[in-house]
Protein chains: 2
Amino acid sequence: MNVNLLLSNIKKHITLSSLEEQYFCSQITYLQVSKNESVLQQGNICNTIYFVDSGTLSAFYRTKGGKESTIMFAIRDWWITDLYSFTNEKPAMLDIEAIEDSSILAISNVKLQLLYQKVPSFEKYFRILFANAYIREQLRALDNITFTTEERYFRFIEKYPQIVEKVSQKRIASYLGVTPEFLSTVKKKNKRLKLS
Amino acid sequence: MNVNLLLSNIKKHITLSSLEEQYFCSQITYLQVSKNESVLQQGNICNTIYFVDSGTLSAFYRTKGGKESTIMFAIRDWWITDLYSFTNEKPAMLDIEAIEDSSILAISNVKLQLLYQKVPSFEKYFRILFANAYIREQLRALDNITFTTEERYFRFIEKYPQIVEKVSQKRIASYLGVTPEFLSTVKKKNKRLKLS
DNA sequence: CGCGACGTTGATTTGCCTCAACGATTGTGG
DNA sequence: CCACAATCGTTGAGGCAAATCAACGTCGCG
């Protein structure tokens with residue numbers, strides 16, 4: 001396992017002594033998941049947070065009708081979990097799956113609580129992470145209630161080009177809350193405009 | 001000024017020595033705002049976070065077209081700020097206004113950073129707060145992309161009855177991202193259903 | 001090779017918006 | 001304290017955006 005990416009992510013926000021770094025690494029576990037493999041299923045309690053070292057994961061909600069609503073994508077250098085289930089120890093609403101072969105670092109809830117105690121600067125690290133996640137989601141809500149589908153689509157591909165590379169049109173539609181068919185016509189319309 | 005509500009909120013998550021508590025209180029400022037008064041205007045840098053001791057505030061985005069998109073409401077016992085502007089020290093996208101006469105406790109960015117240093121358990125407090133805020137916004141995004149307007153309306157009034165008491169229909173529509181007219185017809189339709 | 005998922009296109013339907021008009025309520029200046 | 005203006009919620013007519021359903025070509029995969 002390779003913790004360099006994760007460590008350099010952490011060091012953007014806090015500094016660790018070499019002892020602390022060592023302790024942290026001893027708490028991390030490594031796992032590889034292949035495309036379409038699941039790391040969390042709706043109904044189970046999510047007791048792990050995942051850091052994507054390589055590959056791409058997606059978290060989504062499966063409605064009774066069988067439709068999927070994508071909550072988030074996680075590419076290289078992103079954390080992902082069902083934070084609701086994780087913090088409240090309630091059954092997960094979300095599924096989390098790899099949408100390509102991926103290498104993942106993981107830390108359990110129990111070990112994270114210990115980590116907070118032994119290395120309090122991780123409180124700061126996750127305080128910053130959650131604040132940023134909150135800001136992102138707030139901006140997403142703003143987009144959802146303010147802009148048309150078309151505008152939201154182009155704002156998305158501008159904001160997350162690295163995700164667009166990795167993820168099918170269908171999943172982007174599911175993230176935006178529209179049908180794949182409609183996304184297709186939006187693209188076509190704008191292609192014509194560009195050419196003329 | 002009365003800090004009891006805020007202190008009891010904090011003590012749900014962390015414990016403070018009496019010295020720490022005293023220091024914290026010395027950093028807090030008190031302000032009263034009357035209905036329609038603004039505490040933040042789009043374009044200004046937001047360097048304060050606000051805790052609502054009594055009353056109700058709302059944060060919203062004003063589009064070029066003059067439409068307003070409500071990002072959040074803050075009632076008694078809630079924090080509110082433009083966190084994007086606050087953490088990045090960039091011009092605020094949001095306006096924050098009192099929608100009824102309100103009593104507010106405030107702490108500036110500078111003082112908050114000091115507080116983190118002097119009383120590190122506040123890292124934990126805000127870590128938990130931001131995590132919860134993140135979860136809430138994620139669930140909101142899920143609602144936005146998964147459910148119809150009608151379903152979202154009833155989920156909202158069920159989830160936030162205390163907000164519904166305080167806030168006009170127009171603002172709820174603006175929070176849900178629909179027109180007040182349409183919300184009106186949704187209500188009417190369901191009133192008829194209940195009666196029959 | 002053949003099956004199944006994906007992206008595309010078109011016809012039809014539906015949800016929601018726009019605009020306009022109206023009473024009811026709130027707020028405000030004389 | 002009243003008269004007037006302004007805002008809010010409601011209702012209806014008409015239009016547009018997006019969903020649904022169905023059909024088809026393409027590609028990756030077993």
# chains A, B, ... in the order shown; residues from 1 in each chain; ligands from 1
$ closest_atom_pairs --of "chain A" --to "chain D" --cutoff "12 Å" --atoms "only C-alpha atoms (C1' of nucleotides)" --output "Markdown table"
| residue | atom | partner | partner_atom | distance |
| --- | --- | --- | --- | --- |
| A:Thr148 | CA | D:DA17 | C1' | 9.1 |
| A:Thr149 | CA | D:DA18 | C1' | 9.0 |
| A:Glu150 | CA | D:DA17 | C1' | 10.5 |
| A:Gly177 | CA | D:DA18 | C1' | 11.0 |
| A:Val178 | CA | D:DA18 | C1' | 8.1 |
| A:Thr179 | CA | D:DA19 | C1' | 7.5 |
| A:Pro180 | CA | D:DA19 | C1' | 10.6 |
| A:Glu181 | CA | D:DA19 | C1' | 9.3 |
| A:Phe182 | CA | D:DA18 | C1' | 7.1 |
| A:Leu183 | CA | D:DA18 | C1' | 10.0 |
| A:Thr185 | CA | D:DA18 | C1' | 10.8 |
| A:Val186 | CA | D:DA18 | C1' | 10.9 |
$ residues_around --residues "Asn132 (chain B)" --least-positions-apart "4" --cutoff "10 Å" --atoms "only C-alpha atoms (C1' of nucleotides)" --output "VMD selection string"
(chain A and resid 83 to 84 87 130 to 131 134) or (chain B and resid 126 to 128 136 to 138)
$ write_last_selection --atoms "C-alpha atoms" --output "compact mmCIF listing (two decimals), in the first residue's frame"
# COMPACT_ATOMS: atom_id res chain seq x y z
CA LEU A 83 -21.41 10.19 6.72
CA TYR A 84 -24.96 10.03 8.04
CA THR A 87 -21.70 9.32 12.54
CA PHE A 130 -16.12 18.74 6.45
CA ALA A 131 -16.33 22.50 6.15
CA TYR A 134 -20.42 21.49 3.39
CA PHE B 126 -16.91 22.73 14.78
CA ARG B 127 -15.77 19.45 13.27
CA ILE B 128 -19.02 17.95 14.51
CA ARG B 136 -27.97 17.89 5.99
CA GLU B 137 -26.97 19.44 2.69
CA GLN B 138 -26.23 16.05 1.19
$ residues_around --residues "region 42-53 of chain B" --least-positions-apart "5" --cutoff "9 Å" --atoms "only C-alpha atoms (C1' of nucleotides)" --output "CSV table (one decimal) with N, CA and C atoms, in the first residue's frame"
chain,number,residue,atom,x,y,z
B,2,ASN,N,-27.2,37.2,26.5
B,2,ASN,CA,-27.4,35.9,27.2
B,2,ASN,C,-26.7,34.8,26.4
B,3,VAL,N,-25.7,34.1,27.0
B,3,VAL,CA,-25.0,33.1,26.2
B,3,VAL,C,-25.4,31.7,26.6
B,5,LEU,N,-28.0,29.8,25.9
B,5,LEU,CA,-28.4,28.9,24.8
B,5,LEU,C,-27.2,28.4,24.0
B,6,LEU,N,-26.3,29.3,23.7
B,6,LEU,CA,-25.1,28.9,23.0
B,6,LEU,C,-24.2,28.0,23.8
B,61,TYR,N,-29.3,33.8,-2.3
B,61,TYR,CA,-28.6,34.2,-3.4
B,61,TYR,C,-29.5,35.0,-4.3
B,62,ARG,N,-29.0,36.2,-4.7
B,62,ARG,CA,-29.8,37.0,-5.6
B,62,ARG,C,-29.3,36.9,-7.0
B,74,ALA,N,-32.1,30.1,9.4
B,74,ALA,CA,-31.5,29.8,10.7
B,74,ALA,C,-32.4,30.3,11.8
B,75,ILE,N,-33.0,29.4,12.6
B,75,ILE,CA,-33.8,29.7,13.7
B,75,ILE,C,-33.0,29.6,15.0
B,76,ARG,N,-33.7,29.9,16.1
B,76,ARG,CA,-33.1,29.8,17.4
B,76,ARG,C,-32.2,28.5,17.5
B,77,ASP,N,-31.0,28.7,18.0
B,77,ASP,CA,-30.1,27.6,18.3
B,77,ASP,C,-29.3,27.1,17.0
B,78,TRP,N,-29.4,27.9,15.9
B,78,TRP,CA,-28.7,27.5,14.7
B,78,TRP,C,-27.5,28.6,14.5
B,79,TRP,N,-26.5,28.1,13.9
B,79,TRP,CA,-25.4,28.9,13.3
B,79,TRP,C,-25.7,29.3,11.9
B,80,ILE,N,-25.3,30.4,11.4
B,80,ILE,CA,-25.4,30.8,10.0
B,80,ILE,C,-24.2,31.7,9.6
B,81,THR,N,-23.8,31.5,8.4
B,81,THR,CA,-22.8,32.4,7.8
B,81,THR,C,-22.7,32.0,6.3
B,82,ASP,N,-21.9,32.8,5.6
B,82,ASP,CA,-21.5,32.4,4.2
B,82,ASP,C,-20.2,31.7,4.4
B,83,LEU,N,-20.2,30.4,4.6
B,83,LEU,CA,-19.0,29.7,4.9
B,83,LEU,C,-17.9,29.8,3.8
B,84,TYR,N,-18.4,29.8,2.6
B,84,TYR,CA,-17.4,29.9,1.4
B,84,TYR,C,-16.7,31.2,1.6
B,85,SER,N,-17.4,32.3,1.7
B,85,SER,CA,-16.7,33.6,1.9
B,85,SER,C,-15.8,33.6,3.1
B,86,PHE,N,-16.4,33.1,4.2
B,86,PHE,CA,-15.7,33.1,5.5
B,86,PHE,C,-14.4,32.4,5.5
B,87,THR,N,-14.3,31.2,4.9
B,87,THR,CA,-13.1,30.4,4.9
B,87,THR,C,-12.1,30.8,3.9
B,89,GLU,N,-12.1,33.9,2.4
B,89,GLU,CA,-12.0,35.3,2.4
B,89,GLU,C,-12.1,35.9,1.0
B,90,LYS,N,-13.2,35.4,0.4
B,90,LYS,CA,-13.6,35.9,-1.0
B,90,LYS,C,-14.9,36.6,-0.8
B,91,PRO,N,-15.3,37.5,-1.8
B,91,PRO,CA,-16.6,38.2,-1.7
B,91,PRO,C,-17.7,37.2,-1.6
B,92,ALA,N,-18.7,37.5,-0.8
B,92,ALA,CA,-19.8,36.7,-0.5
B,92,ALA,C,-20.7,36.6,-1.7
B,93,MET,N,-21.2,35.4,-1.9
B,93,MET,CA,-22.3,35.2,-2.9
B,93,MET,C,-23.6,35.5,-2.3
B,94,LEU,N,-23.7,35.4,-1.0
B,94,LEU,CA,-25.0,35.4,-0.3
B,94,LEU,C,-25.3,36.7,0.4
B,95,ASP,N,-26.6,36.9,0.5
B,95,ASP,CA,-27.1,37.9,1.5
B,95,ASP,C,-27.6,37.2,2.7
B,96,ILE,N,-27.4,37.8,3.9
B,96,ILE,CA,-28.0,37.2,5.1
B,96,ILE,C,-28.9,38.3,5.7
B,102,SER,N,-34.4,39.8,15.7
B,102,SER,CA,-33.6,38.7,16.2
B,102,SER,C,-32.4,39.2,17.1
B,103,SER,N,-32.1,38.3,18.0
B,103,SER,CA,-30.9,38.5,18.9
B,103,SER,C,-29.8,37.5,18.4
B,104,ILE,N,-28.7,38.0,18.2
B,104,ILE,CA,-27.6,37.2,17.6
B,104,ILE,C,-26.3,37.3,18.4
B,105,LEU,N,-25.6,36.2,18.5
B,105,LEU,CA,-24.3,36.2,19.0
B,105,LEU,C,-23.3,36.0,17.8
B,106,ALA,N,-22.2,36.7,17.9
B,106,ALA,CA,-21.3,36.6,16.7
B,106,ALA,C,-19.8,36.4,17.1
B,107,ILE,N,-19.1,35.8,16.3
B,107,ILE,CA,-17.7,35.7,16.5
B,107,ILE,C,-16.9,35.9,15.2
B,108,SER,N,-15.9,36.7,15.2
B,108,SER,CA,-15.2,37.1,14.0
B,108,SER,C,-14.2,35.9,13.6
B,109,ASN,N,-13.8,35.9,12.4
B,109,ASN,CA,-12.9,34.9,11.9
B,109,ASN,C,-11.6,35.0,12.7
B,110,VAL,N,-11.1,36.2,12.9
B,110,VAL,CA,-9.8,36.3,13.6
B,110,VAL,C,-9.9,35.7,15.0
B,112,LEU,N,-12.0,33.5,16.0
B,112,LEU,CA,-12.3,32.1,16.0
B,112,LEU,C,-11.0,31.4,15.8
$ atom_distance --atom1 "CA of Leu129 (chain A)" --atom2 "CA of Gln113 (chain A)"
16.1 Å
$ closest_residue --among "C:DA24, C:DG30, C:DC6, C:DC17" --to "chain B" --atoms "only C-alpha atoms (C1' of nucleotides)"
C:DC17
$ select_by_dssp --residues "region 37-101 of chain A" --states "strand (DSSP E or B)" --output "PyMOL selection string"
chain A and resi 38-40+45+48-54+56-62+68-75+79-80+91+94-98
$ write_last_selection --atoms "N, CA and C atoms" --output "compact mmCIF listing (two decimals), in the first residue's frame"
# COMPACT_ATOMS: atom_id res chain seq x y z
N SER A 38 -18.86 -3.50 -4.65
CA SER A 38 -19.49 -2.61 -3.68
C SER A 38 -18.68 -2.58 -2.38
N VAL A 39 -18.57 -1.40 -1.78
CA VAL A 39 -17.95 -1.32 -0.45
C VAL A 39 -18.98 -0.98 0.63
N LEU A 40 -20.17 -0.61 0.22
CA LEU A 40 -21.24 -0.35 1.20
C LEU A 40 -22.58 -0.60 0.54
N ILE A 45 -24.73 -0.78 8.33
CA ILE A 45 -24.16 0.38 9.00
C ILE A 45 -22.77 0.65 8.46
N THR A 48 -16.85 2.85 8.13
CA THR A 48 -15.55 3.08 7.53
C THR A 48 -15.60 4.33 6.66
N ILE A 49 -14.52 5.11 6.69
CA ILE A 49 -14.40 6.14 5.66
C ILE A 49 -13.28 5.74 4.72
N TYR A 50 -13.48 6.06 3.44
CA TYR A 50 -12.60 5.59 2.38
C TYR A 50 -11.90 6.77 1.71
N PHE A 51 -10.63 6.57 1.43
CA PHE A 51 -9.86 7.55 0.68
C PHE A 51 -9.42 6.90 -0.63
N VAL A 52 -9.74 7.55 -1.74
CA VAL A 52 -9.43 6.97 -3.06
C VAL A 52 -7.99 7.29 -3.44
N ASP A 53 -7.18 6.25 -3.51
CA ASP A 53 -5.79 6.42 -3.93
C ASP A 53 -5.70 6.38 -5.45
N SER A 54 -6.48 5.51 -6.08
CA SER A 54 -6.61 5.53 -7.54
C SER A 54 -7.95 4.91 -7.90
N THR A 56 -12.12 5.29 -9.21
CA THR A 56 -13.29 6.14 -9.00
C THR A 56 -14.39 5.36 -8.30
N LEU A 57 -14.97 5.97 -7.29
CA LEU A 57 -16.14 5.39 -6.62
C LEU A 57 -17.34 6.32 -6.80
N SER A 58 -18.51 5.77 -6.55
CA SER A 58 -19.71 6.58 -6.57
C SER A 58 -20.63 6.18 -5.43
N ALA A 59 -21.29 7.14 -4.85
CA ALA A 59 -22.27 6.88 -3.79
C ALA A 59 -23.63 7.27 -4.32
N PHE A 60 -24.59 6.39 -4.19
CA PHE A 60 -25.91 6.68 -4.76
C PHE A 60 -27.01 6.08 -3.91
N TYR A 61 -28.19 6.64 -4.12
CA TYR A 61 -29.39 6.20 -3.42
C TYR A 61 -30.27 5.46 -4.40
N ARG A 62 -30.74 4.29 -4.01
CA ARG A 62 -31.59 3.49 -4.88
C ARG A 62 -33.03 3.63 -4.39
N GLU A 68 -31.73 5.32 -9.65
CA GLU A 68 -30.56 5.65 -8.83
C GLU A 68 -30.32 7.15 -8.84
N SER A 69 -30.11 7.72 -7.66
CA SER A 69 -29.73 9.13 -7.55
C SER A 69 -28.30 9.19 -7.04
N THR A 70 -27.42 9.73 -7.85
CA THR A 70 -26.01 9.79 -7.45
C THR A 70 -25.76 10.95 -6.51
N ILE A 71 -25.26 10.65 -5.33
CA ILE A 71 -24.98 11.66 -4.32
C ILE A 71 -23.62 12.30 -4.55
N MET A 72 -22.62 11.47 -4.85
CA MET A 72 -21.30 12.02 -5.11
C MET A 72 -20.44 11.03 -5.86
N PHE A 73 -19.44 11.57 -6.53
CA PHE A 73 -18.37 10.76 -7.09
C PHE A 73 -17.13 11.02 -6.26
N ALA A 74 -16.26 10.01 -6.16
CA ALA A 74 -14.98 10.24 -5.51
C ALA A 74 -13.88 9.73 -6.43
N ILE A 75 -13.05 10.66 -6.89
CA ILE A 75 -11.92 10.27 -7.71
C ILE A 75 -10.66 10.32 -6.85
N TRP A 79 -12.06 11.74 -0.29
CA TRP A 79 -12.67 10.85 0.69
C TRP A 79 -14.11 10.55 0.29
N ILE A 80 -14.59 9.39 0.72
CA ILE A 80 -16.01 9.09 0.50
C ILE A 80 -16.52 8.15 1.60
N PRO A 91 -28.52 2.55 9.85
CA PRO A 91 -28.42 1.87 8.55
C PRO A 91 -28.19 2.86 7.41
N LEU A 94 -27.27 4.84 1.53
CA LEU A 94 -26.53 4.86 0.27
C LEU A 94 -25.84 3.54 -0.05
N ASP A 95 -25.63 3.32 -1.32
CA ASP A 95 -24.69 2.31 -1.81
C ASP A 95 -23.43 3.02 -2.26
N ILE A 96 -22.28 2.38 -2.02
CA ILE A 96 -21.03 2.92 -2.56
C ILE A 96 -20.37 1.83 -3.38
N GLU A 97 -20.07 2.16 -4.64
CA GLU A 97 -19.49 1.17 -5.55
C GLU A 97 -18.33 1.75 -6.31
N ALA A 98 -17.43 0.86 -6.71
CA ALA A 98 -16.34 1.27 -7.60
C ALA A 98 -16.89 1.30 -9.03
$ select_by_dssp --residues "region 2-192 of chain B" --states "helix (DSSP H, G or I)" --output "PyMOL selection string"
chain B and resi 4-11+18-27+83-88+109-118+121-146+149-159+161-166+169-176+180-192
$ residues_around --residues "Ile157 (chain B)" --least-positions-apart "3" --cutoff "12 Å" --atoms "only C-alpha atoms (C1' of nucleotides)" --output "list in words"
Glu150, Glu151, Arg152, Tyr153, Phe154, Tyr160, Pro161, Gln162, Ile163, Val164, Glu165, Lys166, Val167, Gln169, Ile172, Ala173, Tyr175, Leu176 and Lys187 of chain B
$ closest_atom_pairs --of "chain C" --to "chain A" --cutoff "9 Å" --atoms "only C-alpha atoms (C1' of nucleotides)" --output "CSV"
residue,atom,partner,partner_atom,distance
C:DC6,C1',A:Lys170,CA,8.0
C:DG7,C1',A:Ser184,CA,7.4
C:DT8,C1',A:Ser184,CA,6.9
C:DT9,C1',A:Thr185,CA,8.5
$ residues_around --residues "Tyr116 (chain B)" --least-positions-apart "5" --cutoff "12 Å" --atoms "only C-alpha atoms (C1' of nucleotides)" --output "count of residues only"
19
$ atom_distance --atom1 "CA of Lys12 (chain A)" --atom2 "CA of Ile135 (chain B)"
23.8 Å
$ atom_distance --atom1 "CA of Lys35 (chain A)" --atom2 "CA of Leu7 (chain A)"
25.4 Å
